[in-house]
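**Student:** Let me begin by handing over the structure; questions about it come next.
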2 protein chains.
Amino acid sequence: MKQAAPAANDGLKLSAWLPYRLFLVAAQVARPLESFYSETFGLSQAGWRILAVIAERDAANASEIGRACALDPFAVSRGIGQLVELGFAMRRPGKTDRRFAAVSITRSGRTAFNRIAALGSRIEARLLARLSESERTTLDSALTRLEGESARIDAVGWRALLDDAVTP
Amino acid sequence: MKQAAPAANDGLKLSAWLPYRLFLVAAQVARPLESFYSETFGLSQAGWRILAVIAERDAANASEIGRACALDPFAVSRGIGQLVELGFAMRRPGKTDRRFAAVSITRSGRTAFNRIAALGSRIEARLLARLSESERTTLDSALTRLEGESARIDAVGWRALLDDAVTP
DNA sequence: GCAATATACTTGCACTTTGCAAGCATATGT
DNA sequence: ACATATGCTTGCAAAGTGCAAGTATATTGC
């Protein structure tokens with residue numbers, strides 16, 4: 001029969017584990033924003049991210065969007081579909097290569113974006129208000145490196161992570 | 001007819017927005033870990049988080065677990081169910097109040113936990129290797145405050161966030 | 001002491017989201 | 001011109017989620 005093992009731990013405490021701490025802040029902060037845009041505009045998370053991407057470009061194709069907001073092609077396709085249905089985005093066939101449709105934001109898409117962005121900025125401001133000027137600078141540069149390293153970690157996969165002693 | 005609006009932006013750039021940057025690192029780093037424990041043990045994300053919580057306690061009831069790893073009671077119940085099926089956890093009726101079942105980790109649950117934790121630590125180590133000693137200290141203390149503030153942001157909801165000029 | 005209410009979880013079911021195979025349209029190479 | 005490659009889309013099954021209702025236990029009021 002199964003027995004309870006005594007509590008004792010090889011040293012990974014969830015609440016102190018860096019990735020979990022990052023996740024927690026991101027998730028808690030995303031929740032109010034998400035309920036805002038989903039209640040107000042019927043937008044999904046993917047829809048919001050894509051909207052944010054096309055708000056800062058004249059036109060983008062699906063793969064550019066995917067790269068910019070870390071979504072796979074399926075999610076991008078569906079997100080664009082949603083935005084088009086809501087009247088927030090338009091697809092036009094690409095000029096030179098018509099496999100790439102150019103997606104651009106509409107006037108009402110921009111209005112919606114601005115309302116969501118206002119809340120987003122408010123949230124970010126509240127977070128930043130808890131940090132000193134020098135902490136912000138440090139966090140900014142640290143995050144840049146963490147982004148790079150996490151992309152590498154993601155790319156190599158768990159087998160490589162367990163194998164290698166150190167991958168410099 | 002719908003028209004494309006020119007690109008120009010009220011200042012929220014997704015890739016520079018703090019919550020998105022945190023999310024990105026957390027998500028990229030979670031992916032390899034998640035494919036490891038799901039392929040190897042058939043564990044879901046909730047299952048893994050609960051396993052991590054009961055690995056560091058003698059016994060926990062469902063609401064303690066929920067609080068410790070930010071899961072709602074339904075998810076906790078299902079996660080525990082999964083762990084029990086896999087032989088990684090046990091439920092015993094609580095001693096004084098039998099509405100609270102005490103959940104504890106089994107020997108084989110601990111073995112699984114240790115294997116996942118090893119990968120988790122490897123990942124964290126790679127992230128931390130990109131930071132200097134002083135950056136780690138700063139990040140640690142900054143994250144503590146961000147956790148607190150994000151919990152408050154989550155608690156008040158978007159209506160309050162849009163209303164108030166400043167909530168100190 | 002026992003019915004009424006409260007608490008802690010669990011289950012079933014409808015609904016949504018996701019992952020992936022296959023498909024369509026367009027382009028490129030031979 | 002035909003085969004192959006690329007970029008995106010769709011359909012469907014599997015997994016995940018949210019919520020109403022259910023079970024079991026405890027506490028309260030009478």
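Residue numbering restarts at 1 in every chain; chains get A, B, ... in the order shown in the structure tokens, and ligands count up from 1 in that same order.
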I'd like the neighbourhood of B:Pro32 as number ranges by chain, where a residue qualifies if any of its atoms comes within 6 Å (using only C-alpha atoms (C1' of nucleotides)), though same-chain residues fewer than 3 positions away should be ignored.

**Tutor:** A: 154, 157-158; B: 35

**Student:** Write out as a list of chain:residue names every residue belonging to chain A that has an atom at most 10 Å from any atom of chain D, counting only C-alpha atoms (C1' of nucleotides).

**Tutor:**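 Contact residues on the first chain: A:Asn61, A:Ala62, A:Ser63, A:Pro73, A:Phe74, A:Val76, A:Ser77, A:Arg78, A:Gly81, A:Arg98, A:Arg99, A:Phe100, A:Ala101.
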
**Student:** Give me the residues within 7 Å of stretch 118-121 of chain A as a PDB file with N, CA and C atoms, in the first residue's frame, counting only C-alpha atoms (C1' of nucleotides) and dropping any in the same chain fewer than 2 places off.

**Tutor:**
```
ATOM      1  N   LEU A  33      -7.198  43.044 -16.623  1.00  0.00           N
ATOM      2  CA  LEU A  33      -7.154  43.541 -17.992  1.00  0.00           C
ATOM      3  C   LEU A  33      -7.976  42.634 -18.897  1.00  0.00           C
ATOM      4  N   ASN A 114      -6.976  51.846 -27.794  1.00  0.00           N
ATOM      5  CA  ASN A 114      -6.618  52.948 -26.898  1.00  0.00           C
ATOM      6  C   ASN A 114      -7.268  52.799 -25.524  1.00  0.00           C
ATOM      7  N   ARG A 115      -8.509  52.312 -25.513  1.00  0.00           N
ATOM      8  CA  ARG A 115      -9.176  52.136 -24.216  1.00  0.00           C
ATOM      9  C   ARG A 115      -8.501  51.039 -23.399  1.00  0.00           C
ATOM     10  N   ILE A 116      -8.121  49.949 -24.063  1.00  0.00           N
ATOM     11  CA  ILE A 116      -7.460  48.867 -23.338  1.00  0.00           C
ATOM     12  C   ILE A 116      -6.073  49.313 -22.887  1.00  0.00           C
ATOM     13  N   ILE A 123      -2.139  50.017 -15.036  1.00  0.00           N
ATOM     14  CA  ILE A 123      -1.628  48.868 -14.284  1.00  0.00           C
ATOM     15  C   ILE A 123      -0.107  48.901 -14.196  1.00  0.00           C
ATOM     16  N   GLU A 124       0.519  49.145 -15.335  1.00  0.00           N
ATOM     17  CA  GLU A 124       1.971  49.198 -15.329  1.00  0.00           C
ATOM     18  C   GLU A 124       2.466  50.308 -14.405  1.00  0.00           C
ATOM     19  N   ALA A 125       1.785  51.446 -14.430  1.00  0.00           N
ATOM     20  CA  ALA A 125       2.204  52.568 -13.587  1.00  0.00           C
ATOM     21  C   ALA A 125       2.145  52.187 -12.115  1.00  0.00           C
TER      22      ALA A 125
ATOM     23  N   LEU B  12       1.421  52.396 -25.677  1.00  0.00           N
ATOM     24  CA  LEU B  12       1.613  51.081 -25.102  1.00  0.00           C
ATOM     25  C   LEU B  12       2.207  50.174 -26.162  1.00  0.00           C
ATOM     26  N   LEU B 162      -9.829  51.907 -13.388  1.00  0.00           N
ATOM     27  CA  LEU B 162     -10.110  52.997 -14.323  1.00  0.00           C
ATOM     28  C   LEU B 162     -10.641  54.224 -13.595  1.00  0.00           C
TER      29      LEU B 162
END
```

**Student:** Could you list, as a ChimeraX atom specification, every residue of chain A that has an atom within 6 Å of an atom of chain B, counting only C-alpha atoms?

**Tutor:** /A:3-5,7,12,19,22-23,25-26,28-29,32,55-58,104-107,117,147,150,154,157-158

**Student:** Please save N, CA and C atoms of the selected residues as a PDB file, in the first residue's frame.

**Tutor:**
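Written file, result_17.pdb:
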```
ATOM      1  N   GLN A   3       2.335   4.759   0.856  1.00  0.00           N
ATOM      2  CA  GLN A   3       2.624   5.406   2.133  1.00  0.00           C
ATOM      3  C   GLN A   3       2.912   6.878   1.946  1.00  0.00           C
ATOM      4  N   ALA A   4       2.524   7.666   2.938  1.00  0.00           N
ATOM      5  CA  ALA A   4       2.873   9.075   2.904  1.00  0.00           C
ATOM      6  C   ALA A   4       4.367   9.212   3.169  1.00  0.00           C
ATOM      7  N   ALA A   5       5.030   9.981   2.319  1.00  0.00           N
ATOM      8  CA  ALA A   5       6.450  10.227   2.539  1.00  0.00           C
ATOM      9  C   ALA A   5       6.597  11.457   3.425  1.00  0.00           C
ATOM     10  N   ALA A   7       7.695  15.037   4.810  1.00  0.00           N
ATOM     11  CA  ALA A   7       7.959  16.277   4.091  1.00  0.00           C
ATOM     12  C   ALA A   7       9.425  16.657   4.224  1.00  0.00           C
ATOM     13  N   LEU A  12      13.437  22.882  -4.174  1.00  0.00           N
ATOM     14  CA  LEU A  12      12.646  23.743  -5.021  1.00  0.00           C
ATOM     15  C   LEU A  12      11.377  24.114  -4.288  1.00  0.00           C
ATOM     16  N   PRO A  19      10.828  31.441 -11.944  1.00  0.00           N
ATOM     17  CA  PRO A  19       9.805  31.421 -12.996  1.00  0.00           C
ATOM     18  C   PRO A  19       8.386  31.501 -12.444  1.00  0.00           C
ATOM     19  N   LEU A  22       7.587  35.136 -11.454  1.00  0.00           N
ATOM     20  CA  LEU A  22       7.290  35.958 -12.631  1.00  0.00           C
ATOM     21  C   LEU A  22       5.894  35.661 -13.143  1.00  0.00           C
ATOM     22  N   PHE A  23       5.596  34.372 -13.209  1.00  0.00           N
ATOM     23  CA  PHE A  23       4.290  33.959 -13.682  1.00  0.00           C
ATOM     24  C   PHE A  23       3.176  34.550 -12.827  1.00  0.00           C
ATOM     25  N   VAL A  25       3.051  37.262 -10.909  1.00  0.00           N
ATOM     26  CA  VAL A  25       2.806  38.686 -11.136  1.00  0.00           C
ATOM     27  C   VAL A  25       2.094  38.882 -12.475  1.00  0.00           C
ATOM     28  N   ALA A  26       2.611  38.224 -13.497  1.00  0.00           N
ATOM     29  CA  ALA A  26       2.021  38.375 -14.825  1.00  0.00           C
ATOM     30  C   ALA A  26       0.562  37.937 -14.825  1.00  0.00           C
ATOM     31  N   GLN A  28      -1.610  37.634 -12.250  1.00  0.00           N
ATOM     32  CA  GLN A  28      -2.501  38.444 -11.420  1.00  0.00           C
ATOM     33  C   GLN A  28      -2.848  39.763 -12.078  1.00  0.00           C
ATOM     34  N   VAL A  29      -1.888  40.278 -12.819  1.00  0.00           N
ATOM     35  CA  VAL A  29      -2.060  41.567 -13.443  1.00  0.00           C
ATOM     36  C   VAL A  29      -2.856  41.429 -14.745  1.00  0.00           C
ATOM     37  N   PRO A  32      -7.400  41.326 -14.408  1.00  0.00           N
ATOM     38  CA  PRO A  32      -8.341  42.442 -14.562  1.00  0.00           C
ATOM     39  C   PRO A  32      -8.360  42.981 -15.993  1.00  0.00           C
ATOM     40  N   ALA A  55      -1.490  47.668 -33.881  1.00  0.00           N
ATOM     41  CA  ALA A  55      -1.641  49.084 -33.533  1.00  0.00           C
ATOM     42  C   ALA A  55      -0.343  49.845 -33.731  1.00  0.00           C
ATOM     43  N   GLU A  56       0.764  49.125 -33.756  1.00  0.00           N
ATOM     44  CA  GLU A  56       2.030  49.833 -33.887  1.00  0.00           C
ATOM     45  C   GLU A  56       2.740  49.551 -35.211  1.00  0.00           C
ATOM     46  N   ARG A  57       1.996  49.021 -36.172  1.00  0.00           N
ATOM     47  CA  ARG A  57       2.570  48.780 -37.496  1.00  0.00           C
ATOM     48  C   ARG A  57       1.514  49.205 -38.514  1.00  0.00           C
ATOM     49  N   ASP A  58       1.964  49.583 -39.705  1.00  0.00           N
ATOM     50  CA  ASP A  58       1.010  49.921 -40.758  1.00  0.00           C
ATOM     51  C   ASP A  58       0.249  48.693 -41.222  1.00  0.00           C
ATOM     52  N   SER A 104      -4.312  45.011 -41.129  1.00  0.00           N
ATOM     53  CA  SER A 104      -4.131  46.331 -40.523  1.00  0.00           C
ATOM     54  C   SER A 104      -5.315  46.677 -39.625  1.00  0.00           C
ATOM     55  N   ILE A 105      -5.064  47.607 -38.726  1.00  0.00           N
ATOM     56  CA  ILE A 105      -6.060  47.975 -37.730  1.00  0.00           C
ATOM     57  C   ILE A 105      -7.051  48.962 -38.342  1.00  0.00           C
ATOM     58  N   THR A 106      -8.293  48.887 -37.913  1.00  0.00           N
ATOM     59  CA  THR A 106      -9.291  49.849 -38.393  1.00  0.00           C
ATOM     60  C   THR A 106      -9.426  50.982 -37.369  1.00  0.00           C
ATOM     61  N   ARG A 107     -10.205  51.967 -37.757  1.00  0.00           N
ATOM     62  CA  ARG A 107     -10.460  53.088 -36.878  1.00  0.00           C
ATOM     63  C   ARG A 107     -11.064  52.611 -35.544  1.00  0.00           C
ATOM     64  N   ALA A 117      -5.386  50.006 -23.799  1.00  0.00           N
ATOM     65  CA  ALA A 117      -4.029  50.451 -23.475  1.00  0.00           C
ATOM     66  C   ALA A 117      -4.025  51.397 -22.282  1.00  0.00           C
ATOM     67  N   GLU A 147      14.802  37.509 -21.055  1.00  0.00           N
ATOM     68  CA  GLU A 147      14.036  37.197 -22.266  1.00  0.00           C
ATOM     69  C   GLU A 147      14.877  36.373 -23.233  1.00  0.00           C
ATOM     70  N   SER A 150      15.517  32.870 -21.743  1.00  0.00           N
ATOM     71  CA  SER A 150      14.328  32.011 -21.722  1.00  0.00           C
ATOM     72  C   SER A 150      13.969  31.547 -23.130  1.00  0.00           C
ATOM     73  N   ASP A 154      13.677  27.654 -24.061  1.00  0.00           N
ATOM     74  CA  ASP A 154      12.513  27.138 -24.765  1.00  0.00           C
ATOM     75  C   ASP A 154      12.960  26.388 -26.020  1.00  0.00           C
ATOM     76  N   GLY A 157      14.740  22.729 -25.430  1.00  0.00           N
ATOM     77  CA  GLY A 157      13.893  21.637 -24.962  1.00  0.00           C
ATOM     78  C   GLY A 157      14.454  20.927 -23.747  1.00  0.00           C
ATOM     79  N   TRP A 158      13.616  20.165 -23.071  1.00  0.00           N
ATOM     80  CA  TRP A 158      13.997  19.591 -21.782  1.00  0.00           C
ATOM     81  C   TRP A 158      15.082  18.526 -21.865  1.00  0.00           C
TER      82      TRP A 158
END
```

**Student:** Could you list the residues in chain C lying within 10 Å of chain A, using only C-alpha atoms (C1' of nucleotides), and format the result as a list of chain:residue names?

**Tutor:**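 Taking only C-alpha atoms (C1' of nucleotides) into account, C:DT18, C:DG19, C:DC20, C:DA25, C:DT26, C:DA27 sit within 10 Å of chain A.
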
**Student:** Assign secondary structure with DSSP using the backbone only, and return the residues of chain A in strand (DSSP E) as number ranges by chain.

**Tutor:** A: 89-93, 101-105

**Student:** To one decimal place in Å, what is the distance between atom CA of A:Gly79 and atom CA of A:Ala112?

**Tutor:**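 Those two atoms sit 15.2 Å apart.
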
**Student:** Step one, run DSSP on the backbone; step two, keep only residues of chain B assigned to helix (DSSP H, G or I); then write them as a ChimeraX atom specification.

**Tutor:** /B:14-16,18-41,45-54,62-69,73-86,107-129,133-163

**Student:** I'd like the interatomic distance between atom CA of A:Ser44 and atom CA of A:Leu71, to a tenth of an Å.

**Tutor:**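 Interatomic distance here is 12.7 Å.
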
**Student:** Counting only C-alpha atoms, which of B:Gln82, B:Glu133, B:Ala60, B:Arg67 gets nearest to B:Gly94?

**Tutor:**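 Using only C-alpha atoms, the shortest distance to B:Gly94 belongs to B:Ala60.
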